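Novice: Just model-v1.pdb, nothing more (PDB, C-alpha atoms):
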```pdb
ATOM      1  CA  MET A 155      93.061 164.900  44.322  1.00  0.00           C
ATOM      2  CA  LYS A 156      92.583 164.026  47.987  1.00  0.00           C
ATOM      3  CA  LYS A 157      93.624 160.596  49.173  1.00  0.00           C
ATOM      4  CA  GLN A 158      90.778 158.847  51.054  1.00  0.00           C
ATOM      5  CA  LYS A 159      91.510 157.039  54.254  1.00  0.00           C
ATOM      6  CA  GLY A 160      89.985 153.633  55.020  1.00  0.00           C
ATOM      7  CA  PHE A 161      90.213 149.960  54.243  1.00  0.00           C
ATOM      8  CA  THR A 162      89.761 148.313  50.923  1.00  0.00           C
ATOM      9  CA  VAL A 163      87.204 145.570  50.432  1.00  0.00           C
ATOM     10  CA  LEU A 164      90.015 143.030  50.105  1.00  0.00           C
ATOM     11  CA  GLU A 165      91.548 144.073  53.428  1.00  0.00           C
ATOM     12  CA  LEU A 166      88.164 143.762  55.143  1.00  0.00           C
ATOM     13  CA  LEU A 167      87.590 140.308  53.656  1.00  0.00           C
ATOM     14  CA  ILE A 168      90.991 139.128  54.907  1.00  0.00           C
ATOM     15  CA  VAL A 169      90.235 140.382  58.443  1.00  0.00           C
ATOM     16  CA  VAL A 170      86.804 138.679  58.433  1.00  0.00           C
ATOM     17  CA  ALA A 171      88.369 135.410  57.222  1.00  0.00           C
ATOM     18  CA  ILE A 172      91.012 135.517  59.968  1.00  0.00           C
ATOM     19  CA  ILE A 173      88.357 136.179  62.611  1.00  0.00           C
ATOM     20  CA  GLY A 174      86.293 133.273  61.265  1.00  0.00           C
ATOM     21  CA  ILE A 175      89.230 130.866  61.414  1.00  0.00           C
ATOM     22  CA  LEU A 176      90.154 131.927  64.949  1.00  0.00           C
ATOM     23  CA  SER A 177      86.511 131.584  66.070  1.00  0.00           C
ATOM     24  CA  ALA A 178      86.297 128.039  64.699  1.00  0.00           C
ATOM     25  CA  ILE A 179      89.473 127.064  66.547  1.00  0.00           C
ATOM     26  CA  VAL A 180      88.306 128.585  69.823  1.00  0.00           C
ATOM     27  CA  LEU A 181      84.808 127.058  69.617  1.00  0.00           C
ATOM     28  CA  GLY A 182      86.311 123.625  68.889  1.00  0.00           C
ATOM     29  CA  GLN A 183      88.550 123.926  71.933  1.00  0.00           C
ATOM     30  CA  ILE A 184      85.618 124.979  74.136  1.00  0.00           C
ATOM     31  CA  LYS A 185      83.623 121.891  73.087  1.00  0.00           C
ATOM     32  CA  THR A 186      86.611 119.626  73.815  1.00  0.00           C
ATOM     33  CA  ALA A 187      87.126 121.287  77.213  1.00  0.00           C
ATOM     34  CA  ARG A 188      83.442 120.776  78.083  1.00  0.00           C
ATOM     35  CA  GLU A 189      83.626 117.067  77.227  1.00  0.00           C
ATOM     36  CA  ARG A 190      86.809 116.664  79.296  1.00  0.00           C
ATOM     37  CA  ALA A 191      85.073 118.415  82.206  1.00  0.00           C
ATOM     38  CA  LYS A 192      82.189 115.939  81.902  1.00  0.00           C
ATOM     39  CA  ASP A 193      84.659 113.045  82.037  1.00  0.00           C
ATOM     40  CA  LYS A 194      86.249 114.576  85.141  1.00  0.00           C
ATOM     41  CA  ALA A 195      82.779 114.720  86.739  1.00  0.00           C
ATOM     42  CA  ILE A 196      82.259 111.033  85.889  1.00  0.00           C
ATOM     43  CA  PHE A 197      85.613 110.122  87.496  1.00  0.00           C
ATOM     44  CA  GLU A 198      84.871 112.093  90.662  1.00  0.00           C
ATOM     45  CA  ASN A 199      81.288 110.867  91.030  1.00  0.00           C
ATOM     46  CA  LEU A 200      82.212 107.214  90.559  1.00  0.00           C
ATOM     47  CA  GLN A 201      85.052 107.605  93.069  1.00  0.00           C
ATOM     48  CA  SER A 202      82.510 109.026  95.517  1.00  0.00           C
ATOM     49  CA  ALA A 203      80.173 106.105  94.770  1.00  0.00           C
ATOM     50  CA  ARG A 204      82.986 103.627  95.449  1.00  0.00           C
ATOM     51  CA  ASN A 205      83.703 105.306  98.791  1.00  0.00           C
ATOM     52  CA  GLU A 206      80.019 105.079  99.720  1.00  0.00           C
ATOM     53  CA  ILE A 207      79.702 101.402  98.771  1.00  0.00           C
ATOM     54  CA  SER A 208      82.756 100.674 100.937  1.00  0.00           C
ATOM     55  CA  ILE A 209      81.037 102.299 103.917  1.00  0.00           C
ATOM     56  CA  TYR A 210      77.823 100.423 103.071  1.00  0.00           C
ATOM     57  CA  TYR A 211      79.750  97.134 103.089  1.00  0.00           C
ATOM     58  CA  SER A 212      81.393  97.991 106.434  1.00  0.00           C
ATOM     59  CA  ASN A 213      77.988  98.739 107.958  1.00  0.00           C
ATOM     60  CA  ASN A 214      76.091  95.782 106.452  1.00  0.00           C
ATOM     61  CA  GLY A 215      78.697  93.077 105.816  1.00  0.00           C
ATOM     62  CA  THR A 216      77.432  92.707 102.235  1.00  0.00           C
ATOM     63  CA  TYR A 217      76.786  94.738  99.097  1.00  0.00           C
ATOM     64  CA  GLY A 218      73.606  92.755  98.429  1.00  0.00           C
ATOM     65  CA  THR A 219      72.997  91.260  95.001  1.00  0.00           C
ATOM     66  CA  TYR A 220      72.248  93.206  91.821  1.00  0.00           C
ATOM     67  CA  GLY A 221      72.982  92.873  88.105  1.00  0.00           C
ATOM     68  CA  ILE A 222      74.030  89.208  88.313  1.00  0.00           C
ATOM     69  CA  THR A 223      72.374  86.230  86.631  1.00  0.00           C
ATOM     70  CA  GLY A 224      73.935  83.005  87.873  1.00  0.00           C
ATOM     71  CA  THR A 225      77.650  83.593  87.390  1.00  0.00           C
ATOM     72  CA  ALA A 226      77.446  86.335  84.753  1.00  0.00           C
ATOM     73  CA  ILE A 227      76.651  90.022  84.475  1.00  0.00           C
ATOM     74  CA  SER A 228      72.962  90.394  83.569  1.00  0.00           C
ATOM     75  CA  THR A 229      72.234  91.472  80.014  1.00  0.00           C
ATOM     76  CA  GLY A 230      70.112  94.308  78.662  1.00  0.00           C
ATOM     77  CA  ASN A 231      68.712  96.770  81.169  1.00  0.00           C
ATOM     78  CA  ASN A 232      69.039  94.283  84.040  1.00  0.00           C
ATOM     79  CA  SER A 233      72.541  95.453  84.958  1.00  0.00           C
ATOM     80  CA  LYS A 234      72.005  99.149  84.264  1.00  0.00           C
ATOM     81  CA  CYS A 235      72.049 101.135  87.507  1.00  0.00           C
ATOM     82  CA  VAL A 236      68.582 101.793  88.933  1.00  0.00           C
ATOM     83  CA  SER A 237      67.150 105.307  89.244  1.00  0.00           C
ATOM     84  CA  SER A 238      67.038 106.422  92.873  1.00  0.00           C
ATOM     85  CA  LEU A 239      63.439 107.565  92.452  1.00  0.00           C
ATOM     86  CA  LEU A 240      62.069 104.080  91.868  1.00  0.00           C
ATOM     87  CA  ALA A 241      64.687 101.823  93.413  1.00  0.00           C
ATOM     88  CA  THR A 242      63.632  99.147  95.867  1.00  0.00           C
ATOM     89  CA  GLY A 243      65.626  96.192  97.108  1.00  0.00           C
ATOM     90  CA  THR A 244      68.392  95.255  99.503  1.00  0.00           C
ATOM     91  CA  SER A 245      71.571  95.872  97.489  1.00  0.00           C
ATOM     92  CA  VAL A 246      73.760  98.950  97.743  1.00  0.00           C
ATOM     93  CA  PHE A 247      72.362  99.961  94.325  1.00  0.00           C
ATOM     94  CA  THR A 248      68.665  99.524  95.166  1.00  0.00           C
ATOM     95  CA  LYS A 249      68.106  99.949  98.915  1.00  0.00           C
ATOM     96  CA  SER A 250      65.986 102.916 100.020  1.00  0.00           C
ATOM     97  CA  GLY A 251      66.488 104.765 103.282  1.00  0.00           C
ATOM     98  CA  ASP A 252      70.156 103.848 103.739  1.00  0.00           C
ATOM     99  CA  ALA A 253      72.444 106.917 103.695  1.00  0.00           C
ATOM    100  CA  GLN A 254      75.285 105.238 101.776  1.00  0.00           C
ATOM    101  CA  ALA A 255      72.959 103.588  99.256  1.00  0.00           C
ATOM    102  CA  GLU A 256      71.250 106.938  98.618  1.00  0.00           C
ATOM    103  CA  LYS A 257      74.589 108.743  98.192  1.00  0.00           C
ATOM    104  CA  THR A 258      75.743 105.966  95.855  1.00  0.00           C
ATOM    105  CA  LYS A 259      72.627 106.381  93.702  1.00  0.00           C
ATOM    106  CA  GLU A 260      73.087 110.186  93.658  1.00  0.00           C
ATOM    107  CA  ALA A 261      76.695 109.819  92.483  1.00  0.00           C
ATOM    108  CA  ILE A 262      75.646 107.334  89.787  1.00  0.00           C
ATOM    109  CA  ALA A 263      72.864 109.711  88.654  1.00  0.00           C
ATOM    110  CA  ALA A 264      75.401 112.538  88.341  1.00  0.00           C
ATOM    111  CA  SER A 265      77.766 110.280  86.345  1.00  0.00           C
ATOM    112  CA  ASN A 266      74.937 109.255  84.016  1.00  0.00           C
ATOM    113  CA  SER A 267      74.034 112.907  83.474  1.00  0.00           C
ATOM    114  CA  ALA A 268      77.662 113.864  82.768  1.00  0.00           C
ATOM    115  CA  SER A 269      77.886 111.094  80.157  1.00  0.00           C
ATOM    116  CA  ASN A 270      74.750 112.503  78.456  1.00  0.00           C
ATOM    117  CA  GLY A 271      72.618 109.603  79.675  1.00  0.00           C
ATOM    118  CA  THR A 272      68.867 109.416  80.218  1.00  0.00           C
ATOM    119  CA  LEU A 273      66.426 107.172  82.066  1.00  0.00           C
ATOM    120  CA  VAL A 274      65.335 104.013  80.242  1.00  0.00           C
ATOM    121  CA  GLY A 275      62.795 101.290  80.840  1.00  0.00           C
ATOM    122  CA  THR A 276      59.251 101.138  82.084  1.00  0.00           C
ATOM    123  CA  GLY A 277      58.314 100.563  85.701  1.00  0.00           C
ATOM    124  CA  THR A 278      61.716 100.533  87.363  1.00  0.00           C
ATOM    125  CA  GLN A 279      63.732 103.050  85.379  1.00  0.00           C
ATOM    126  CA  ARG A 280      67.461 102.724  84.928  1.00  0.00           C
ATOM    127  CA  PHE A 281      70.279 105.078  83.961  1.00  0.00           C
ATOM    128  CA  SER A 282      71.086 104.527  80.275  1.00  0.00           C
ATOM    129  CA  ASN A 283      74.867 105.063  80.322  1.00  0.00           C
ATOM    130  CA  THR A 284      75.750 102.979  83.397  1.00  0.00           C
ATOM    131  CA  ARG A 285      76.316  99.405  84.586  1.00  0.00           C
ATOM    132  CA  CYS A 286      76.190  98.201  88.198  1.00  0.00           C
ATOM    133  CA  ALA A 287      76.707  94.733  89.589  1.00  0.00           C
ATOM    134  CA  THR A 288      77.338  93.091  92.932  1.00  0.00           C
ATOM    135  CA  ASN A 289      77.390  89.505  94.140  1.00  0.00           C
ATOM    136  CA  GLY A 290      77.288  90.413  97.835  1.00  0.00           C
ATOM    137  CA  ALA A 291      81.041  90.216  98.427  1.00  0.00           C
ATOM    138  CA  SER A 292      82.204  92.531  95.631  1.00  0.00           C
ATOM    139  CA  ALA A 293      80.799  95.314  93.464  1.00  0.00           C
ATOM    140  CA  ALA A 294      81.563  97.356  90.344  1.00  0.00           C
ATOM    141  CA  ILE A 295      80.133 100.461  88.658  1.00  0.00           C
ATOM    142  CA  ALA A 296      80.824 101.815  85.138  1.00  0.00           C
ATOM    143  CA  ALA A 297      79.684 104.860  83.151  1.00  0.00           C
ATOM    144  CA  THR A 298      80.288 105.709  79.489  1.00  0.00           C
ATOM    145  CA  LEU A 299      82.833 108.484  78.897  1.00  0.00           C
ATOM    146  CA  ALA A 300      81.625 111.743  77.366  1.00  0.00           C
ATOM    147  CA  THR A 301      84.770 112.178  75.237  1.00  0.00           C
ATOM    148  CA  ASP A 302      84.809 108.648  73.759  1.00  0.00           C
ATOM    149  CA  ASN A 303      81.677 106.506  73.795  1.00  0.00           C
ATOM    150  CA  THR A 304      83.702 103.387  72.986  1.00  0.00           C
ATOM    151  CA  LYS A 305      85.164 103.554  76.505  1.00  0.00           C
ATOM    152  CA  SER A 306      83.852 103.718  80.054  1.00  0.00           C
ATOM    153  CA  TRP A 307      85.190 104.702  83.456  1.00  0.00           C
ATOM    154  CA  CYS A 308      84.888 101.900  85.971  1.00  0.00           C
ATOM    155  CA  VAL A 309      85.421 101.544  89.723  1.00  0.00           C
ATOM    156  CA  ASP A 310      85.160  98.412  91.810  1.00  0.00           C
ATOM    157  CA  SER A 311      85.479  97.146  95.349  1.00  0.00           C
ATOM    158  CA  THR A 312      88.956  95.725  94.668  1.00  0.00           C
ATOM    159  CA  GLY A 313      90.262  99.304  94.465  1.00  0.00           C
ATOM    160  CA  PHE A 314      90.453  99.557  90.672  1.00  0.00           C
ATOM    161  CA  ALA A 315      89.503 102.886  89.118  1.00  0.00           C
ATOM    162  CA  GLY A 316      90.189 103.390  85.440  1.00  0.00           C
ATOM    163  CA  GLU A 317      89.224 103.397  81.824  1.00  0.00           C
ATOM    164  CA  VAL A 318      87.885 100.187  80.305  1.00  0.00           C
ATOM    165  CA  THR A 319      87.113  99.313  76.708  1.00  0.00           C
ATOM    166  CA  GLY A 320      83.398  99.257  75.918  1.00  0.00           C
ATOM    167  CA  ASN A 321      80.359 101.454  76.182  1.00  0.00           C
ATOM    168  CA  ALA A 322      78.498 100.932  79.475  1.00  0.00           C
ATOM    169  CA  ALA A 323      75.265 101.890  77.706  1.00  0.00           C
ATOM    170  CA  THR A 324      75.439  98.996  75.247  1.00  0.00           C
ATOM    171  CA  SER A 325      77.867  96.417  76.629  1.00  0.00           C
ATOM    172  CA  THR A 326      77.921  94.297  79.765  1.00  0.00           C
ATOM    173  CA  ALA A 327      81.582  93.519  78.956  1.00  0.00           C
ATOM    174  CA  VAL A 328      82.740  96.596  80.920  1.00  0.00           C
ATOM    175  CA  LEU A 329      82.053  94.554  84.080  1.00  0.00           C
ATOM    176  CA  LEU A 330      83.272  91.039  84.716  1.00  0.00           C
ATOM    177  CA  TYR A 331      82.157  88.216  87.003  1.00  0.00           C
ATOM    178  CA  ASP A 332      85.530  86.631  87.713  1.00  0.00           C
ATOM    179  CA  LEU A 333      84.841  82.925  88.316  1.00  0.00           C
ATOM    180  CA  THR A 334      88.379  82.272  89.555  1.00  0.00           C
ATOM    181  CA  ASN A 335      87.773  84.122  92.812  1.00  0.00           C
ATOM    182  CA  SER A 336      84.016  84.797  92.570  1.00  0.00           C
ATOM    183  CA  THR A 337      84.312  88.576  92.347  1.00  0.00           C
ATOM    184  CA  VAL A 338      82.504  91.230  90.377  1.00  0.00           C
ATOM    185  CA  ARG A 339      85.039  93.706  89.038  1.00  0.00           C
ATOM    186  CA  CYS A 340      85.894  96.043  86.199  1.00  0.00           C
ATOM    187  CA  ASN A 341      86.990  94.266  83.039  1.00  0.00           C
ATOM    188  CA  SER A 342      90.400  95.936  82.905  1.00  0.00           C
TER
END
```
Will you turn the file into structure tokens for me?
Specialist:
Amino acid sequence: MKKQKGFTVLELLIVVAIIGILSAIVLGQIKTARERAKDKAIFENLQSARNEISIYYSNNGTYGTYGITGTAISTGNNSKCVSSLLATGTSVFTKSGDAQAEKTKEAIAASNSASNGTLVGTGTQRFSNTRCATNGASAAIAATLATDNTKSWCVDSTGFAGEVTGNAATSTAVLLYDLTNSTVRCNS
């Protein structure tokens, strides 16, 4: 009797199972790497936005006022960053035709996109996963992280850049109006 060459069904099943396990591991790592890359884009875009608002302040002597009600961060959509397409106003976050304000809005739009955000609101649309506020003398911007939606990345005019607790999409607590020295800053 001739011995046949080939694999048994059991050997083939073991190989398929090993390939399946390895594929699941690799696909999980790819998803994690994509989310980390989105967070990196948020960090870089908000850093760029902070650089632009600094230049805006140097040129204008003020950031303008946005996202503030009295001595607190505005609630609801009122402190979400405004879409550059429909923005009007005199703050660094709303002014049209100013190079630094436009670059700031572009960087915020890119951060919102990286954090899987959308446009919300009727009339003046705002970026869903962001918060912006300025009282004229100080400013802060936050965007929800892609890897952990219970945290946000925040930059402000005091020089802070870092992770803060809270989702910028749902919480105004990521930004703080500090009454001690009348500054808008990240709630770090």
Novice: Applied to the shown file, which residues does the PyMOL selection byres ((chain A and resi 289-293) around 8) return, written as a PyMOL selection string?
Specialist: chain A and resi 216-220+222+245+286-288+294-295+310-312+337-339
Novice: Which one is closest to Thr298 (chain A): A:Arg190, A:Arg285, A:Lys159, A:Lys259? Count all atoms listed in the file.
Specialist: A:Arg285
Novice: In terms of the shortest atom-to-atom distance over all atoms listed in the file, which of A:Val246, A:Ala268, A:Ile168, A:Val318 is closest to Ser212 (chain A)?
Specialist: A:Val246
Novice: Taking into account all atoms listed in the file, which residue in the set A:Lys185, A:Lys234, A:Arg204, A:Lys194 is nearest to Val328 (chain A)?
Specialist: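 For Val328 (chain A), the nearest of the given residues is A:Lys234.
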Novice: Evaluate the PyMOL selection byres ((chain A and resi 260-267) around 8) against this structure - the residues, as a list in words, please.
Specialist: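 With the shown file as input, the PyMOL selection byres ((chain A and resi 260-267) around 8) matches Ala195, Ile196, Phe197, Asn199, Leu200, Ser202, Ala203, Cys235, Ser237, Ser238, Glu256, Lys257, Thr258, Lys259, Ala268, Ser269, Asn270, Gly271, Thr272, Phe281, Ser282, Asn283, Thr284, Ala297 and Thr298 of chain A.
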Novice: Mind giving me the axis-aligned box for region 194-200 of chain A with 8 Å on every side, centre plus edges in Å to one decimal, as lines of an AutoDock Vina configuration file?
Specialist:
```
center_x = 83.8
center_y = 111.0
center_z = 88.1
size_x = 21.0
size_y = 23.5
size_z = 21.9
```
Novice: Which residues match the PyMOL selection byres ((chain A and resi 306) around 9) in the file above, as an NGL selection string?
Specialist: :A and (284 or 296-300 or 302-305 or 307-308 or 316-322 or 328)
Novice: In Å to one decimal, how far is CA of Thr278 (chain A) from CA of Glu206 (chain A)?
Specialist: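 Computing it gives 22.5 Å between the two atoms.
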Novice: In Å to one decimal, how far is CA of Arg280 (chain A) from CA of Phe247 (chain A)?
Specialist: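 We find that CA of Phe247 (chain A) and CA of Arg280 (chain A) lie 11.0 Å from each other.
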Novice: Could you tell me how far CA of Ile209 (chain A) sits from CA of Gln254 (chain A), in Å to one decimal place?
Specialist: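 These atoms are spaced 6.8 Å apart.
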Novice: Tell me, counting all atoms listed in the file, for each residue of region 199-259 of chain A within 9 Å of region 329-332 of chain A, which pair of atoms is nearest and how far apart they are in Å to one decimal, in rows ordered by chain and increasing number, as CSV.
Specialist:
```
residue,atom,partner,partner_atom,distance
A:Ile222,CA,A:Tyr331,CA,8.3
A:Thr225,CA,A:Tyr331,CA,6.5
A:Ala226,CA,A:Tyr331,CA,5.5
A:Ile227,CA,A:Tyr331,CA,6.3
```
Novice: Rank A:Val163, A:Leu176, A:Ile207, A:Val169 by their smallest atom-to-atom distance to Asp252 (chain A), using all atoms listed in the file, and report the top residue only.
Specialist: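 Answer, going by the shortest atom-to-atom distance: A:Ile207.
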Novice: Go through A:Gln279, A:Gly221, A:Gln201, A:Ser342 and flag the residue nearest Val236 (chain A), using all atoms listed in the file for the distances.
Specialist: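 For Val236 (chain A), the nearest of the candidates is A:Gln279.
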Novice: Quick one: of A:Gly251, A:Val170, A:Phe314, A:Val274, who's nearest to Cys340 (chain A), counting only C-alpha atoms?
Specialist: A:Phe314
Novice: Rebuild region 305-341 of chain A to N, CA and C atoms - output it as a JSON list (two decimals), keeping the file's coordinate frame, please.
Specialist:
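Listing of rebuild_34.json after writing:
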```json
[["chain", "number", "residue", "atom", "x", "y", "z"],
["A", 305, "LYS", "N", 84.48, 103.85, 75.24],
["A", 305, "LYS", "CA", 85.16, 103.55, 76.50],
["A", 305, "LYS", "C", 84.30, 103.98, 77.68],
["A", 306, "SER", "N", 84.58, 103.40, 78.83],
["A", 306, "SER", "CA", 83.85, 103.72, 80.05],
["A", 306, "SER", "C", 84.85, 103.89, 81.19],
["A", 307, "TRP", "N", 84.41, 104.60, 82.22],
["A", 307, "TRP", "CA", 85.19, 104.70, 83.46],
["A", 307, "TRP", "C", 84.57, 103.71, 84.42],
["A", 308, "CYS", "N", 85.39, 102.96, 85.10],
["A", 308, "CYS", "CA", 84.89, 101.90, 85.97],
["A", 308, "CYS", "C", 85.60, 101.94, 87.31],
["A", 309, "VAL", "N", 84.86, 101.69, 88.38],
["A", 309, "VAL", "CA", 85.42, 101.54, 89.72],
["A", 309, "VAL", "C", 84.87, 100.26, 90.31],
["A", 310, "ASP", "N", 85.67, 99.61, 91.16],
["A", 310, "ASP", "CA", 85.16, 98.41, 91.81],
["A", 310, "ASP", "C", 85.67, 98.30, 93.24],
["A", 311, "SER", "N", 85.16, 97.32, 93.94],
["A", 311, "SER", "CA", 85.48, 97.15, 95.35],
["A", 311, "SER", "C", 86.87, 96.59, 95.58],
["A", 312, "THR", "N", 87.57, 96.18, 94.51],
["A", 312, "THR", "CA", 88.96, 95.72, 94.67],
["A", 312, "THR", "C", 89.92, 96.90, 94.74],
["A", 313, "GLY", "N", 89.43, 98.11, 94.46],
["A", 313, "GLY", "CA", 90.26, 99.30, 94.46],
["A", 313, "GLY", "C", 90.58, 99.83, 93.08],
["A", 314, "PHE", "N", 90.19, 99.10, 92.04],
["A", 314, "PHE", "CA", 90.45, 99.56, 90.67],
["A", 314, "PHE", "C", 89.61, 100.78, 90.36],
["A", 315, "ALA", "N", 90.21, 101.74, 89.69],
["A", 315, "ALA", "CA", 89.50, 102.89, 89.12],
["A", 315, "ALA", "C", 90.22, 103.22, 87.83],
["A", 316, "GLY", "N", 89.52, 103.10, 86.70],
["A", 316, "GLY", "CA", 90.19, 103.39, 85.44],
["A", 316, "GLY", "C", 89.30, 103.21, 84.24],
["A", 317, "GLU", "N", 89.91, 103.49, 83.10],
["A", 317, "GLU", "CA", 89.22, 103.40, 81.82],
["A", 317, "GLU", "C", 89.18, 101.94, 81.38],
["A", 318, "VAL", "N", 88.03, 101.53, 80.86],
["A", 318, "VAL", "CA", 87.88, 100.19, 80.31],
["A", 318, "VAL", "C", 87.32, 100.30, 78.90],
["A", 319, "THR", "N", 87.62, 99.32, 78.07],
["A", 319, "THR", "CA", 87.11, 99.31, 76.71],
["A", 319, "THR", "C", 85.66, 98.87, 76.73],
["A", 320, "GLY", "N", 84.81, 99.59, 76.02],
["A", 320, "GLY", "CA", 83.40, 99.26, 75.92],
["A", 320, "GLY", "C", 82.52, 100.39, 76.40],
["A", 321, "ASN", "N", 81.34, 100.44, 75.85],
["A", 321, "ASN", "CA", 80.36, 101.45, 76.18],
["A", 321, "ASN", "C", 79.40, 100.86, 77.22],
["A", 322, "ALA", "N", 79.36, 101.45, 78.41],
["A", 322, "ALA", "CA", 78.50, 100.93, 79.47],
["A", 322, "ALA", "C", 77.02, 100.95, 79.07],
["A", 323, "ALA", "N", 76.66, 101.81, 78.15],
["A", 323, "ALA", "CA", 75.26, 101.89, 77.71],
["A", 323, "ALA", "C", 74.86, 100.66, 76.90],
["A", 324, "THR", "N", 75.80, 100.08, 76.16],
["A", 324, "THR", "CA", 75.44, 99.00, 75.25],
["A", 324, "THR", "C", 76.12, 97.66, 75.53],
["A", 325, "SER", "N", 77.09, 97.64, 76.43],
["A", 325, "SER", "CA", 77.87, 96.42, 76.63],
["A", 325, "SER", "C", 78.00, 96.05, 78.10],
["A", 326, "THR", "N", 77.69, 94.78, 78.41],
["A", 326, "THR", "CA", 77.92, 94.30, 79.76],
["A", 326, "THR", "C", 79.39, 93.92, 79.96],
["A", 327, "ALA", "N", 80.18, 93.93, 78.88],
["A", 327, "ALA", "CA", 81.58, 93.52, 78.96],
["A", 327, "ALA", "C", 82.46, 94.48, 79.75],
["A", 328, "VAL", "N", 81.94, 95.67, 80.11],
["A", 328, "VAL", "CA", 82.74, 96.60, 80.92],
["A", 328, "VAL", "C", 82.90, 96.06, 82.34],
["A", 329, "LEU", "N", 81.97, 95.20, 82.77],
["A", 329, "LEU", "CA", 82.05, 94.55, 84.08],
["A", 329, "LEU", "C", 82.31, 93.07, 83.87],
["A", 330, "LEU", "N", 82.91, 92.44, 84.85],
["A", 330, "LEU", "CA", 83.27, 91.04, 84.72],
["A", 330, "LEU", "C", 82.94, 90.29, 86.00],
["A", 331, "TYR", "N", 82.32, 89.12, 85.86],
["A", 331, "TYR", "CA", 82.16, 88.22, 87.00],
["A", 331, "TYR", "C", 83.31, 87.24, 86.90],
["A", 332, "ASP", "N", 84.32, 87.44, 87.73],
["A", 332, "ASP", "CA", 85.53, 86.63, 87.71],
["A", 332, "ASP", "C", 85.28, 85.33, 88.46],
["A", 333, "LEU", "N", 85.16, 84.22, 87.72],
["A", 333, "LEU", "CA", 84.84, 82.92, 88.32],
["A", 333, "LEU", "C", 86.00, 82.34, 89.14],
["A", 334, "THR", "N", 87.22, 82.78, 88.83],
["A", 334, "THR", "CA", 88.38, 82.27, 89.56],
["A", 334, "THR", "C", 88.28, 82.55, 91.04],
["A", 335, "ASN", "N", 87.89, 83.77, 91.39],
["A", 335, "ASN", "CA", 87.77, 84.12, 92.81],
["A", 335, "ASN", "C", 86.39, 84.65, 93.18],
["A", 336, "SER", "N", 85.42, 84.40, 92.34],
["A", 336, "SER", "CA", 84.02, 84.80, 92.57],
["A", 336, "SER", "C", 83.85, 86.26, 92.93],
["A", 337, "THR", "N", 84.45, 87.14, 92.11],
["A", 337, "THR", "CA", 84.31, 88.58, 92.35],
["A", 337, "THR", "C", 83.72, 89.27, 91.13],
["A", 338, "VAL", "N", 82.97, 90.32, 91.41],
["A", 338, "VAL", "CA", 82.50, 91.23, 90.38],
["A", 338, "VAL", "C", 83.52, 92.36, 90.35],
["A", 339, "ARG", "N", 84.02, 92.67, 89.14],
["A", 339, "ARG", "CA", 85.04, 93.71, 89.04],
["A", 339, "ARG", "C", 84.98, 94.35, 87.66],
["A", 340, "CYS", "N", 85.77, 95.41, 87.50],
["A", 340, "CYS", "CA", 85.89, 96.04, 86.20],
["A", 340, "CYS", "C", 86.68, 95.12, 85.29],
["A", 341, "ASN", "N", 86.31, 95.11, 84.02],
["A", 341, "ASN", "CA", 86.99, 94.27, 83.04],
["A", 341, "ASN", "C", 88.18, 95.03, 82.47]]
```
